[in-house]
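*Asks:* Just one file: run-v8.cif, with mmCIF, C-alpha atoms.
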```cif
data_target
#
loop_
_atom_site.label_atom_id
_atom_site.label_comp_id
_atom_site.auth_asym_id
_atom_site.auth_seq_id
_atom_site.Cartn_x
_atom_site.Cartn_y
_atom_site.Cartn_z
CA MET A 1 -10.56 6.88 -12.61
CA PRO A 2 -10.94 4.22 -9.93
CA HIS A 3 -14.19 2.26 -9.96
CA PRO A 4 -16.87 4.78 -8.82
CA SER A 5 -17.85 2.60 -5.86
CA THR A 6 -14.38 2.32 -4.29
CA ALA A 7 -14.81 4.98 -1.59
CA ALA A 8 -18.45 4.04 -0.96
CA ALA A 9 -17.56 0.35 -0.76
CA TYR A 10 -14.92 0.92 1.89
CA ASP A 11 -17.21 3.27 3.82
CA GLN A 12 -19.59 0.30 3.97
CA LEU A 13 -16.89 -2.27 4.79
CA ALA A 14 -14.84 -0.26 7.29
CA GLU A 15 -15.94 -2.00 10.49
CA ARG A 16 -15.02 -5.39 9.05
CA TRP A 17 -11.36 -4.74 9.93
CA LEU A 18 -12.33 -4.19 13.59
CA ASP A 19 -14.87 -6.97 14.09
CA GLY A 20 -12.51 -9.46 15.75
CA VAL A 21 -12.72 -11.83 12.78
CA PHE A 22 -10.12 -10.08 10.62
CA ASP A 23 -6.62 -11.44 11.24
CA GLY A 24 -4.82 -8.60 13.02
CA SER A 25 -1.44 -10.07 12.11
CA ASN A 26 -2.15 -9.76 8.37
CA GLY A 27 0.87 -8.15 6.71
CA LEU A 28 2.97 -7.74 9.86
CA ARG A 29 5.58 -10.34 8.94
CA GLN A 30 5.91 -8.82 5.50
CA HIS A 31 6.36 -5.31 6.93
CA GLN A 32 8.98 -6.54 9.37
CA ARG A 33 10.93 -7.93 6.42
CA ALA A 34 10.62 -4.65 4.53
CA LEU A 35 11.72 -2.52 7.47
CA ALA A 36 14.82 -4.67 7.88
CA PHE A 37 16.16 -3.15 4.64
CA LEU A 38 16.17 0.37 6.12
CA ALA A 39 19.57 1.65 7.17
CA PRO A 40 19.72 2.59 10.87
CA ALA A 41 18.67 6.21 11.14
CA ALA A 42 16.68 8.41 13.45
CA GLY A 43 13.46 10.08 12.37
CA GLY A 44 11.93 10.27 8.94
CA TRP A 45 8.42 9.79 7.63
CA ALA A 46 6.39 6.75 6.63
CA LEU A 47 3.42 6.98 4.27
CA ASN A 48 0.59 4.46 4.40
CA VAL A 49 -1.25 4.59 1.06
CA GLY A 50 -4.83 3.40 1.42
CA CYS A 51 -4.26 3.27 5.16
CA GLY A 52 -7.75 2.08 6.06
CA CYS A 53 -8.90 1.97 9.66
CA SER A 54 -6.52 -0.61 11.11
CA SER A 55 -3.56 0.75 13.06
CA ARG A 56 -1.77 -2.62 13.18
CA PHE A 57 1.37 -1.41 11.34
CA ASN A 58 1.80 1.78 13.38
CA ARG A 59 3.63 0.39 16.39
CA LEU A 60 6.06 -1.45 14.14
CA LEU A 61 6.78 1.70 12.12
CA ARG A 62 7.39 3.71 15.27
CA THR A 63 9.95 1.20 16.55
CA HIS A 64 12.02 2.33 13.54
CA GLY A 65 11.71 5.98 14.52
CA LEU A 66 9.19 6.81 11.81
CA ARG A 67 6.46 9.42 11.95
CA ILE A 68 3.34 8.20 10.18
CA GLU A 69 1.16 9.78 7.53
CA GLY A 70 -1.87 8.06 5.99
CA VAL A 71 -4.07 8.75 2.98
CA ASP A 72 -7.36 7.05 2.04
CA VAL A 73 -10.43 7.70 -0.15
CA SER A 74 -12.86 6.40 2.49
CA ALA A 75 -14.11 8.96 5.00
CA ARG A 76 -15.39 6.24 7.34
CA MET A 77 -12.06 4.41 7.28
CA LEU A 78 -10.30 7.64 8.26
CA GLU A 79 -12.80 8.37 11.01
CA LEU A 80 -12.04 4.99 12.60
CA ALA A 81 -8.30 5.36 11.99
CA ARG A 82 -8.27 8.74 13.73
CA ALA A 83 -10.05 7.28 16.75
CA ALA A 84 -7.62 4.34 16.91
CA ASP A 85 -4.43 6.43 16.68
CA PRO A 86 -4.82 10.22 16.88
CA GLU A 87 -1.07 10.81 16.39
CA VAL A 88 -1.13 9.73 12.73
CA VAL A 89 -1.40 12.57 10.20
CA LEU A 90 -4.36 11.57 8.02
CA HIS A 91 -5.53 12.87 4.65
CA HIS A 92 -8.88 12.22 2.96
CA ALA A 93 -7.75 12.14 -0.67
CA ASP A 94 -7.26 10.08 -3.80
CA ILE A 95 -3.59 9.13 -3.98
CA ARG A 96 -3.57 9.69 -7.75
CA ASP A 97 -4.33 13.40 -7.36
CA TRP A 98 -2.93 14.10 -3.91
CA PRO A 99 0.28 16.20 -4.04
CA LEU A 100 2.77 14.33 -1.86
CA PRO A 101 3.95 16.84 0.76
CA ARG A 102 7.41 15.35 1.29
CA SER A 103 9.69 12.44 0.47
CA TYR A 104 9.52 9.30 2.60
CA ARG A 105 11.94 6.89 4.22
CA PHE A 106 9.29 4.18 4.11
CA MET A 107 6.05 3.65 2.23
CA THR A 108 3.44 0.93 2.34
CA ALA A 109 0.50 0.27 0.03
CA TRP A 110 -0.96 -2.93 1.43
CA ASP A 111 -4.00 -4.24 -0.46
CA SER A 112 -4.89 -0.75 -1.65
CA ILE A 113 -3.50 0.63 -4.91
CA TRP A 114 -4.71 -2.38 -6.89
CA HIS A 115 -8.12 -0.62 -6.96
CA VAL A 116 -6.72 2.02 -9.34
CA ARG A 117 -7.49 1.34 -12.98
CA LEU A 118 -4.84 -0.45 -14.99
CA ALA A 119 -4.43 2.53 -17.33
CA GLN A 120 -3.34 4.63 -14.33
CA GLN A 121 -1.25 2.07 -12.46
CA ARG A 122 2.03 2.94 -14.15
CA ALA A 123 1.75 6.68 -13.45
CA LEU A 124 0.80 6.03 -9.82
CA MET A 125 3.68 3.63 -9.24
CA ARG A 126 6.14 6.13 -10.75
CA LYS A 127 4.77 8.83 -8.47
CA LEU A 128 5.21 6.70 -5.37
CA LEU A 129 8.65 5.36 -6.30
CA ARG A 130 9.91 8.88 -6.95
CA ALA A 131 8.71 9.96 -3.50
CA LEU A 132 11.14 7.58 -1.80
CA GLU A 133 14.24 9.07 -0.21
CA PRO A 134 17.56 7.58 -1.37
CA GLY A 135 17.76 4.26 0.46
CA GLY A 136 14.05 4.45 1.22
CA VAL A 137 11.90 1.31 1.17
CA PHE A 138 8.45 0.68 -0.33
CA ILE A 139 6.33 -2.42 0.32
CA PHE A 140 3.17 -3.02 -1.69
CA SER A 141 0.87 -5.88 -2.56
CA ALA A 142 -0.30 -6.66 -6.08
CA GLY A 143 -2.02 -9.26 -8.17
CA GLY A 144 0.56 -11.96 -8.84
CA THR A 145 0.06 -12.55 -12.55
CA ASP A 146 2.80 -12.58 -15.15
CA GLU A 147 0.99 -10.14 -17.42
CA ALA A 148 -1.05 -7.00 -16.79
CA GLY A 149 -4.80 -7.31 -16.29
CA GLU A 150 -7.86 -6.06 -14.43
CA HIS A 151 -11.22 -7.38 -13.33
CA VAL A 152 -14.22 -6.56 -11.13
CA ASP A 153 -15.00 -8.71 -8.10
CA ALA A 154 -17.81 -8.67 -5.52
CA THR A 155 -16.48 -11.30 -3.09
CA MET A 156 -16.46 -8.81 -0.21
CA GLY A 157 -20.00 -7.68 -1.00
CA PRO A 158 -19.71 -4.36 -2.83
CA GLU A 159 -18.33 -4.47 -6.34
CA LEU A 160 -14.65 -3.50 -6.51
CA ARG A 161 -12.17 -3.19 -9.36
CA TYR A 162 -8.74 -4.85 -9.16
CA SER A 163 -5.83 -4.32 -11.54
CA THR A 164 -2.16 -5.23 -11.77
CA LEU A 165 0.75 -4.39 -14.04
CA GLY A 166 1.85 -8.03 -13.70
CA ILE A 167 5.19 -9.22 -12.40
CA ARG A 168 7.08 -8.43 -15.61
CA GLY A 169 5.63 -4.93 -15.81
CA LEU A 170 6.28 -4.19 -12.15
CA LEU A 171 9.91 -5.30 -12.28
CA ALA A 172 10.57 -3.24 -15.42
CA LEU A 173 9.00 -0.15 -13.85
CA ILE A 174 10.97 -0.57 -10.62
CA HIS A 175 14.21 -0.70 -12.60
CA GLU A 176 13.26 2.36 -14.67
CA ALA A 177 12.57 4.34 -11.47
CA ASP A 178 16.15 3.89 -10.17
CA CYS A 179 14.98 1.39 -7.58
CA ASP A 180 15.79 -2.24 -6.89
CA CYS A 181 13.53 -5.15 -6.05
CA ARG A 182 14.70 -6.54 -2.70
CA HIS A 183 12.04 -9.19 -2.22
CA LEU A 184 9.10 -10.67 -4.15
CA GLU A 185 6.88 -13.34 -2.64
CA PHE A 186 3.58 -15.14 -3.19
CA ASP A 187 2.67 -15.00 0.50
CA GLN A 188 -0.78 -16.61 0.20
CA HIS A 189 -0.03 -19.29 -2.40
CA PRO A 190 -1.91 -20.71 -4.27
CA GLU A 191 -3.80 -17.40 -4.23
CA GLN A 192 -2.26 -14.81 -6.54
CA HIS A 193 -1.45 -12.40 -3.73
CA LEU A 194 2.00 -10.95 -4.27
CA PHE A 195 4.02 -8.59 -2.13
CA VAL A 196 7.07 -6.70 -3.30
CA ILE A 197 9.75 -4.82 -1.37
CA VAL A 198 11.51 -2.08 -3.29
CA GLN A 199 14.43 0.14 -2.29
CA ARG A 200 15.47 3.39 -3.94
CA ARG A 201 19.09 3.47 -4.98
CA ALA A 202 21.32 5.63 -2.77
#
```
Show me this structure written as structure tokens.

*Replies:*
Amino acid sequence: MPHPSTAAAYDQLAERWLDGVFDGSNGLRQHQRALAFLAPAAGGWALNVGCGCSSRFNRLLRTHGLRIEGVDVSARMLELARAADPEVVLHHADIRDWPLPRSYRFMTAWDSIWHVRLAQQRALMRKLLRALEPGGVFIFSAGGTDEAGEHVDATMGPELRYSTLGIRGLLALIHEADCDCRHLEFDQHPEQHLFVIVQRRA
């Protein structure tokens, strides 16, 4: 199970992403890089895992002809997300248990799935990778350690759990899932914030 306070913590923190202090460009460059790996095609779906309340990626996704679906455990985050962009199809659910309704051309899990316990990270990543269409692209952020690990941190205020399979574990899992790593970057060095772009083999 995720840490019991995950949904409650993000209910409490939701407005922080809209307070004018949060950097609204966070993750945009990385998503532009990921979308560049998509073959030109019309239509298709994008899934935002742990979508939160910020709609900053939505315009970029739509320029690639993508319809957007979002899923999050925080009811308050979804309330704000719905107000910001009513066209997004939103689901209040835990991604671990939520039955994915379709396959996706593009998926993003930006600063979200690392709250799932380490013991469940592998199963969740397999689930998401298998939901990619052939040629589909997945961008996610993770803790940039060599080995797997998890810890609890209260820097944002509420206590939150963070876990990672580690770079070695992630790369092995990506290969096992018939996908390829297209890009891996420490984008906030020296902080251990890693983002990875994965593409499913055609």

*Asks:* Please list as a list in words every residue within 8 Å of region 21-29 of chain A, counting only C-alpha atoms and excluding residues in the same chain fewer than 3 positions away.

*Replies:* Arg16, Trp17, Leu18, Gln32, Arg33, Arg56, Phe57 and Trp110 of chain A

*Asks:* At most 10 Å is the cut-off: for each residue in region 33-88 of chain A with any atom that close to an atom of region 115-130 of chain A, write down the nearest atom pair and the distance in Å rounded to one decimal, counting all atoms listed in the file, chain first then increasing number, as JSON lines.

*Replies:*
```
{"residue": "A:Leu47", "atom": "CA", "partner": "A:Leu128", "partner_atom": "CA", "distance": 9.8}
{"residue": "A:Val49", "atom": "CA", "partner": "A:Leu128", "partner_atom": "CA", "distance": 9.4}
{"residue": "A:Gly50", "atom": "CA", "partner": "A:His115", "partner_atom": "CA", "distance": 9.9}
```

*Asks:* Mind giving me the straight-line distance from CA of Arg105 (chain A) to CA of Glu133 (chain A) in Å, one decimal?

*Replies:*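 Separation of CA of Arg105 (chain A) and CA of Glu133 (chain A): 5.4 Å.
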
*Asks:* CA of Glu147 (chain A) and CA of Leu100 (chain A), how far apart in Å?

*Replies:*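 Interatomic distance, CA of Leu100 (chain A) to CA of Glu147 (chain A): 29.1 Å.
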
*Asks:* Do you know which residues lie at most 12 Å from (12.2, 1.2, -15.0), with coordinates as in the file and all atoms listed in the file counted, and could you write them as a PyMOL selection string?

*Replies:* chain A and resi 122-123+125-126+129-130+168-181+200

*Asks:* What does the distance between CA of His91 (chain A) and CA of Met77 (chain A) come to in Å, to one decimal place?

*Replies:*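 Those two atoms sit 11.0 Å apart.
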
*Asks:* I want to know what sits within 10 Å of Gln12 (chain A), based on all atoms listed in the file, with residues of the same chain fewer than 6 positions away left out; could you give that as a PyMOL selection string?

*Replies:* chain A and resi 6+74+76-77+157-158

*Asks:* Of the candidates A:Gly43, A:Pro86, A:Gly52, A:Pro190, which shows the shortest atom-to-atom distance to Phe106 (chain A), using all atoms listed in the file?

*Replies:*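 Between A:Gly43, A:Pro86, A:Gly52, A:Pro190, the residue approaching Phe106 (chain A) most closely is A:Gly43.
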
*Asks:* Determine the nearest neighbour of Glu87 (chain A) from the options A:Ala148, A:Ala9, A:Arg62, A:Pro99, counting all atoms listed in the file.

*Replies:* A:Arg62

*Asks:* Quick one: everything within 8 Å of Ser103 (chain A), counting only C-alpha atoms, minus sequence neighbours fewer than 5 positions away in the same chain. Send it as a PyMOL selection string.

*Replies:* chain A and resi 45+131-133

*Asks:* Nearest to Leu66 (chain A) among A:Tyr104, A:Ala36, A:His189, A:Cys53, with distances taken over only C-alpha atoms: which residue is it?

*Replies:*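 Of the candidates, the smallest distance to Leu66 (chain A) is held by A:Tyr104.
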
*Asks:* Provide region 141-172 of chain A rebuilt to N, CA and C atoms, formatted as a short mmCIF file (atom, residue, chain, number, x, y, z; two decimals), in the frame of the given file.

*Replies:*
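Result written to part_29.cif:
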```
data_model
loop_
_atom_site.label_atom_id
_atom_site.label_comp_id
_atom_site.auth_asym_id
_atom_site.auth_seq_id
_atom_site.Cartn_x
_atom_site.Cartn_y
_atom_site.Cartn_z
N SER A 141 1.44 -4.62 -2.10
CA SER A 141 0.87 -5.88 -2.56
C SER A 141 0.25 -5.66 -3.93
N ALA A 142 0.19 -6.74 -4.70
CA ALA A 142 -0.30 -6.66 -6.08
C ALA A 142 -0.85 -8.02 -6.49
N GLY A 143 -1.58 -8.00 -7.59
CA GLY A 143 -2.02 -9.26 -8.17
C GLY A 143 -0.83 -9.97 -8.79
N GLY A 144 -0.63 -11.23 -8.43
CA GLY A 144 0.56 -11.96 -8.84
C GLY A 144 0.40 -12.70 -10.15
N THR A 145 0.14 -11.95 -11.22
CA THR A 145 0.06 -12.55 -12.55
C THR A 145 1.30 -12.14 -13.34
N ASP A 146 1.65 -12.93 -14.34
CA ASP A 146 2.80 -12.58 -15.15
C ASP A 146 2.54 -11.33 -15.99
N GLU A 147 1.33 -11.24 -16.53
CA GLU A 147 0.99 -10.14 -17.42
C GLU A 147 0.01 -9.19 -16.74
N ALA A 148 -0.12 -7.99 -17.30
CA ALA A 148 -1.05 -7.00 -16.79
C ALA A 148 -2.50 -7.45 -17.00
N GLY A 149 -3.39 -6.99 -16.13
CA GLY A 149 -4.80 -7.31 -16.29
C GLY A 149 -5.64 -6.61 -15.24
N GLU A 150 -6.94 -6.62 -15.42
CA GLU A 150 -7.86 -6.06 -14.43
C GLU A 150 -9.20 -6.78 -14.51
N HIS A 151 -9.91 -6.75 -13.39
CA HIS A 151 -11.22 -7.38 -13.33
C HIS A 151 -12.03 -6.73 -12.21
N VAL A 152 -13.32 -7.03 -12.19
CA VAL A 152 -14.22 -6.56 -11.13
C VAL A 152 -14.67 -7.76 -10.32
N ASP A 153 -14.68 -7.60 -9.00
CA ASP A 153 -15.00 -8.71 -8.10
C ASP A 153 -15.92 -8.21 -6.99
N ALA A 154 -16.87 -9.05 -6.58
CA ALA A 154 -17.81 -8.67 -5.52
C ALA A 154 -17.74 -9.63 -4.34
N THR A 155 -16.61 -10.30 -4.16
CA THR A 155 -16.48 -11.30 -3.09
C THR A 155 -16.74 -10.69 -1.72
N MET A 156 -16.30 -9.45 -1.51
CA MET A 156 -16.46 -8.81 -0.21
C MET A 156 -17.86 -8.23 -0.02
N GLY A 157 -18.66 -8.26 -1.06
CA GLY A 157 -20.00 -7.68 -1.00
C GLY A 157 -20.15 -6.62 -2.07
N PRO A 158 -19.66 -5.40 -1.79
CA PRO A 158 -19.71 -4.36 -2.83
C PRO A 158 -18.78 -4.71 -3.99
N GLU A 159 -19.14 -4.23 -5.15
CA GLU A 159 -18.33 -4.47 -6.34
C GLU A 159 -17.08 -3.60 -6.31
N LEU A 160 -15.92 -4.22 -6.52
CA LEU A 160 -14.65 -3.50 -6.51
C LEU A 160 -13.81 -3.90 -7.72
N ARG A 161 -13.05 -2.94 -8.24
CA ARG A 161 -12.17 -3.19 -9.36
C ARG A 161 -10.78 -3.52 -8.85
N TYR A 162 -10.11 -4.47 -9.50
CA TYR A 162 -8.74 -4.85 -9.16
C TYR A 162 -7.92 -4.83 -10.45
N SER A 163 -6.70 -4.30 -10.37
CA SER A 163 -5.83 -4.32 -11.54
C SER A 163 -4.39 -4.52 -11.11
N THR A 164 -3.58 -5.02 -12.04
CA THR A 164 -2.16 -5.23 -11.77
C THR A 164 -1.36 -5.02 -13.05
N LEU A 165 -0.16 -4.49 -12.91
CA LEU A 165 0.75 -4.39 -14.04
C LEU A 165 1.39 -5.73 -14.38
N GLY A 166 1.22 -6.73 -13.51
CA GLY A 166 1.85 -8.03 -13.70
C GLY A 166 3.30 -7.98 -13.25
N ILE A 167 3.84 -9.15 -12.94
CA ILE A 167 5.19 -9.22 -12.40
C ILE A 167 6.21 -8.62 -13.37
N ARG A 168 6.11 -8.94 -14.63
CA ARG A 168 7.08 -8.43 -15.61
C ARG A 168 7.01 -6.90 -15.69
N GLY A 169 5.80 -6.37 -15.73
CA GLY A 169 5.63 -4.93 -15.81
C GLY A 169 6.11 -4.22 -14.56
N LEU A 170 5.84 -4.80 -13.40
CA LEU A 170 6.28 -4.19 -12.15
C LEU A 170 7.81 -4.14 -12.05
N LEU A 171 8.45 -5.25 -12.38
CA LEU A 171 9.91 -5.30 -12.28
C LEU A 171 10.56 -4.33 -13.25
N ALA A 172 10.02 -4.20 -14.45
CA ALA A 172 10.57 -3.24 -15.42
C ALA A 172 10.41 -1.81 -14.91
#
```
